[in-house]
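Working notes, structure below.
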Amino acid sequence: MREEMQRDPNVVLWGEDIVNYNGTGGAYAVTTGLAKEFPGRVRDTPIAEEAIVGVGIGAAMGGLRPICELMTVNFAMVAWDQIVNHAAKPQHMFNGQIKVPMVIRMPNGFGRTAATHSQNIDGWFAHVPGLKVVVPATPYDAKGLLKTAIRDDDPVIFLENIRLYSSKGEVPDQEYLVPIGVSDLKHDGGPSATLTIVTWGRMLIESLKAAKTLSADGINVDVIDLRSLRPLDLSLAIDSVKKTNRAIVVEEGMRAAGFAAEIAAQLQEVAFNYLDAPIARVAGLEVPMPYAKNLERATLPFAEDVVAAAKAMMAKQY
Amino acid sequence: MDKESLLSLYRQMLLIRTFEDKSAEMYAGAKIAGFLHLYNGQEAVAVGSVSALNPDDEIVVNYRDHGWAIARGVSPRAVMAELFGRKDGTTGGRGGSMHLVDVEKHFWGGYAIVGGHLPLASGLAAAAQHLQTGRVTLCSMGDGSTNIGTFHAALNWAKLWNLPIIFMVENNGFAMGTPYEDHSPVPMMTKPKGYDMYAEQVDGQDVMAVRDAVCRVADRARAGEGPSFLDVVTYRYRAHSMADNDQGRNRTEIAEWKKRDPINLFAESALLNKGVKAQDLAEIEKQVIAEVEDAAEFADASPEPARETLYDHIYAQPVANMQVEGSLIKPATLYSSNGNGTL
C-alpha cells in the first residue's frame, strides 16, 4: 500500500481505527505508519461499514482510488448491499459509464472469537459478477496481488486471512505485480503425482503440510493455489487432474454451497473421463463457530483432514 | 431571470409531465415492463434544483429519476428507449426506468435500493473535496429513505468531513404507501438537527423557491461551509409505481394538492403575471407533446440490445476466463464436449 500511495496521489486509505488507535494502523496493525506518512489520505472512519464501502464507491466513481479497510469480513455483511448492489453492479447496469476502482480489504478466518467474528465467506463474494475476489496465501502473492488490485479499475475484494498475518516469506526488493485471475502451482508432485489438491488462502498452508506428509507416505500430490476466486483460473487444476486422475478441493468455509462445490463441478465437467475417483471436498463443518478451543478446532479443516481424505481416496477402489 | 429562462423552466416541467403521462400510457400498452415510478406533481423539484446547479455539479437520485434525467438534459428519446429496454436507451436497455444515467452530464444515476445511494453521494463529494474540483453534489431521496441506516451513516460522514453536498428530501409524504406519520416519529426537519446540519424547508410546488434554496445551499457548500439538508415538501399525483393500485390514498388529498400544481402555479405567478401570453404557453405545450410523441416513436423503433453484448461491461477490461456463458472456464466448447473430455 505504501508503494502504491507513493506512486498515485489519488490512492486513499479509509477504515476504522487506522489512525488513532493505539498508535497502530487498524485492529490488526496492518497499516501502521501510513497515517503519518500520508496525512489527509489515511483517515479514520465512523464504525459504519455500509458507509465505509459506500463512500468509497462514490469516491471511486468520482476519480479516487480508495482502499477501504473493513475491520473484519464479519462486518462486510453490514455493507452487503453496498458491496453487491452498488460496487459490483453499476459498471454493467450503467453500460460502462461508471467505473468503481476500489479495493475493499478485510481480514477473514478465525481466532477464538466465536460465531459472529469467525467465519470464511469467500464464496459469497465469488458469487457476484462485477467483483474480483482475491485470496492470497503467501507474503509474495499478498503484496503483488494487492498492488495489482489497487491499480485495477474494478472493485476488488481482498481477503486477508488472520492466521496468515504472521507468515514470513521471500518478497523481492524490486517492484513486481501478481496478476489477478492466474492460479499458481505451489507444490509440484512430479510426473508420478496421483492427486491434485486445489485450494486457496489459509488452506494452502494446510494443504502444503498435507502434501509433505503424503509424500513421506509415497503419495505425490500437486497443490494448486487459485489466488483469486473471481476471475477463476482452473487451467492448472485441469491439467493437473488429467495427470493425477484424482482431486480434492480444500476450503476453510462451510461445505454446503461453498465455493469448493463450484470448483468440483467445473473440474468434472471438463475432466470427467480422466477421473479415477469422485472429487472430494475438505471443508469447514456447518456450525456457527464455537468459542471453546477444542470445538473451534473441530469445526475447521487442517492438514490432517486433508491427509485423511487423500488416504481414503487412494485406498478406495472405484 | 429573463423571460427565456423562465419559459425554459416551464417547458422542462411540462416536458416531464407530458413524458410521464406518455410513459404511463406505454406501460398500460405493455411497451414498458417492471416497475415504473412516475414524477407527476414533483416536477418543480428536479427542474428548480438543476437550474440552480453548475453543469458539472454531481447529481445522484433515487429510482424516481425520469424527471431528473430530463431536467439534466438527457434526451427524452434516450429515456423512453431505456424504459422500452432498447439499444438506444441511456444504458442500452440494461438499467431500465430505475437506473437512468448520463455521466457526461454529471448525472450519476438513479439508484433503486432505498437509501443505498446516499453513501455514494457522500463519496462523490469526498472525491470533489479531495481533488478540489469545486463541484457540489446534490443527492435526492424520498422521505421514506430517511429511516434507513445509510441515511444516517451518510449524513454523519458528510458532516464529519464537512463535505460539499446537499441532501434533498423530496418529501411527498409517503414511503411507498405508508404515510409519513406511520414511518417517522419526528418531523422531517428534526432529522438533520441530529447532525447539526444546516437545513431549510422548501415549498416543492414552487420551482423558484426550490431554485433559490438550492442556490443558497450550493453557495454554502462551495464556500466550504459543508453539507446542507433540504426538506422539499411536495406530492406525487400517481401511485408509488404503476404496479400499485393506489387504493390507500385519500382522493380529496390528491385533489387538494393538484390545486397547487407546480406547472399551473408557475404559469400563473411567474409567467402570465409578467406578460407572457397564454398563446406562448400553448405553443410550448404543442412542441412538448410533439417531442414526447417523437420519443415514443423513436423508442419503439430502436432495436433490442444485441445478444452478443450480454457480457459487456461486467468488468472494466475483458476478463478472458469469464466470457463464456454458463461457465467461468475458458473453453467455449465446454458444453459441446465431444464426450472424451478433450477441450
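Chain lettering (A, B, ...) mirrors the order of the C-alpha cells, residue numbering begins at 1 for each chain separately, and ligand numbering begins at 1 in order of display.
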
Compile the contact shell of Lys212 (chain A) as a ChimeraX atom specification: residues with an atom at most 12 Å away, counting only C-alpha atoms, same-chain residues fewer than 5 positions apart removed.
/A:187-189,205-207,217-223,303-304,306-307

Pick out the residues sitting within 12 Å of Thr252 (chain B), and hand them over as a list in words; count only C-alpha atoms, and ignore anything fewer than 6 positions along from it in its own chain.
Tyr237, Lys258 and Lys259 of chain B

For chain B, list the residues within 6 Å of chain A, counting only C-alpha atoms, and write the list as a list in words.
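Putting it all together, I get Thr91, Arg94, Gly95, Pro119, Leu120, Ala121, Ser122, Gly123, Leu124, Ala127, Ala153, His313, Ile314, Tyr315, Ala316 and Gly341 of chain B.
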
Go through B:Gly73, B:Gly34, B:Gly41, B:Pro185 one by one, measure the shortest atom-to-atom distance of each to Arg238 (chain B) using only C-alpha atoms, and give the residue with the smallest value.
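Among B:Gly73, B:Gly34, B:Gly41, B:Pro185, it is B:Gly41 that comes nearest to Arg238 (chain B).
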
May I have all residues of region 270-301 of chain A that DSSP, computed from the backbone, assigns to strand (DSSP E), given as a PyMOL selection string?
chain A and resi 280-284

Writing out the chosen residues with C-alpha atoms as an mmCIF file, in the first residue's frame:
data_model
loop_
_atom_site.group_PDB
_atom_site.id
_atom_site.type_symbol
_atom_site.label_atom_id
_atom_site.label_comp_id
_atom_site.auth_asym_id
_atom_site.auth_seq_id
_atom_site.Cartn_x
_atom_site.Cartn_y
_atom_site.Cartn_z
ATOM 1 C CA ALA A 280 -13.715 -34.874 -2.734
ATOM 2 C CA ARG A 281 -14.174 -31.774 -0.642
ATOM 3 C CA VAL A 282 -12.471 -30.990 2.634
ATOM 4 C CA ALA A 283 -14.223 -28.022 4.222
ATOM 5 C CA GLY A 284 -15.432 -26.444 7.429
#

Rounded to one decimal, what separation in Å do you get between CA of Pro227 (chain B) and CA of Ala158 (chain B)?
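CA of Ala158 (chain B) lies 6.2 Å from CA of Pro227 (chain B).
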
So which residues touch Tyr291 (chain A) within 10 Å, counting only C-alpha atoms, skipping near sequence neighbours fewer than 2 positions away, as a PDB file with N, CA and C atoms, in the first residue's frame?
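Generated output (around.pdb):
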ATOM      1  N   PHE A 110     -10.512 -17.174  11.425  1.00  0.00           N
ATOM      2  CA  PHE A 110     -10.973 -17.449  12.785  1.00  0.00           C
ATOM      3  C   PHE A 110      -9.864 -17.124  13.771  1.00  0.00           C
ATOM      4  N   GLY A 111     -10.197 -17.078  15.050  1.00  0.00           N
ATOM      5  CA  GLY A 111      -9.177 -16.793  16.058  1.00  0.00           C
ATOM      6  C   GLY A 111      -9.763 -16.716  17.451  1.00  0.00           C
ATOM      7  N   ARG A 112     -10.522 -17.721  17.852  1.00  0.00           N
ATOM      8  CA  ARG A 112     -11.122 -17.786  19.189  1.00  0.00           C
ATOM      9  C   ARG A 112     -12.007 -16.566  19.435  1.00  0.00           C
ATOM     10  N   THR A 113     -12.803 -16.205  18.458  1.00  0.00           N
ATOM     11  CA  THR A 113     -13.669 -15.047  18.602  1.00  0.00           C
ATOM     12  C   THR A 113     -15.142 -15.393  18.398  1.00  0.00           C
ATOM     13  N   ALA A 114     -15.437 -16.664  18.300  1.00  0.00           N
ATOM     14  CA  ALA A 114     -16.816 -17.172  18.265  1.00  0.00           C
ATOM     15  C   ALA A 114     -17.574 -16.795  16.989  1.00  0.00           C
ATOM     16  N   ALA A 115     -18.851 -17.140  17.005  1.00  0.00           N
ATOM     17  CA  ALA A 115     -19.625 -17.250  15.757  1.00  0.00           C
ATOM     18  C   ALA A 115     -19.693 -15.977  14.927  1.00  0.00           C
ATOM     19  N   HIS A 117     -17.670 -13.536  14.805  1.00  0.00           N
ATOM     20  CA  HIS A 117     -16.369 -12.978  14.437  1.00  0.00           C
ATOM     21  C   HIS A 117     -15.416 -14.002  13.834  1.00  0.00           C
ATOM     22  N   SER A 118     -15.913 -15.168  13.514  1.00  0.00           N
ATOM     23  CA  SER A 118     -15.032 -16.202  12.968  1.00  0.00           C
ATOM     24  C   SER A 118     -15.737 -16.876  11.815  1.00  0.00           C
ATOM     25  N   PRO A 288     -22.193 -22.725  13.486  1.00  0.00           N
ATOM     26  CA  PRO A 288     -21.734 -21.378  13.856  1.00  0.00           C
ATOM     27  C   PRO A 288     -20.536 -21.534  14.792  1.00  0.00           C
ATOM     28  N   MET A 289     -19.451 -20.858  14.477  1.00  0.00           N
ATOM     29  CA  MET A 289     -18.181 -21.147  15.145  1.00  0.00           C
ATOM     30  C   MET A 289     -18.274 -21.035  16.674  1.00  0.00           C
ATOM     31  N   LYS A 293     -11.815 -23.764  22.560  1.00  0.00           N
ATOM     32  CA  LYS A 293     -10.675 -24.106  21.707  1.00  0.00           C
ATOM     33  C   LYS A 293     -10.877 -25.425  20.955  1.00  0.00           C
ATOM     34  N   ASN A 294     -11.303 -26.432  21.702  1.00  0.00           N
ATOM     35  CA  ASN A 294     -11.427 -27.746  21.064  1.00  0.00           C
ATOM     36  C   ASN A 294     -12.550 -27.775  20.039  1.00  0.00           C
ATOM     37  N   LEU A 295     -13.644 -27.045  20.368  1.00  0.00           N
ATOM     38  CA  LEU A 295     -14.771 -27.041  19.435  1.00  0.00           C
ATOM     39  C   LEU A 295     -14.443 -26.240  18.181  1.00  0.00           C
ATOM     40  N   GLU A 296     -13.728 -25.141  18.379  1.00  0.00           N
ATOM     41  CA  GLU A 296     -13.328 -24.353  17.208  1.00  0.00           C
ATOM     42  C   GLU A 296     -12.472 -25.214  16.284  1.00  0.00           C
ATOM     43  N   ARG A 297     -11.522 -25.905  16.893  1.00  0.00           N
ATOM     44  CA  ARG A 297     -10.617 -26.726  16.095  1.00  0.00           C
ATOM     45  C   ARG A 297     -11.381 -27.829  15.366  1.00  0.00           C
TER      46      ARG A 297
END

If you run DSSP on this backbone, which residues of region 18-136 of chain B come out as helix (DSSP H, G or I), and could you give them as a ChimeraX atom specification?
/B:18-28,43-52,66-71,76-84,97-99,103-105,117-131

Quick check, in Å to one decimal: how far apart do CA of Met208 (chain B) and CA of Asp65 (chain B) lie?
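Distance reported for this atom pair: 20.4 Å.
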
Residues within 8 Å of Thr234 (chain B), please, as a PyMOL selection string. Count only C-alpha atoms; anything in the same chain fewer than 6 positions from it doesn't count.
chain B and resi 41-42+170-173+203-205
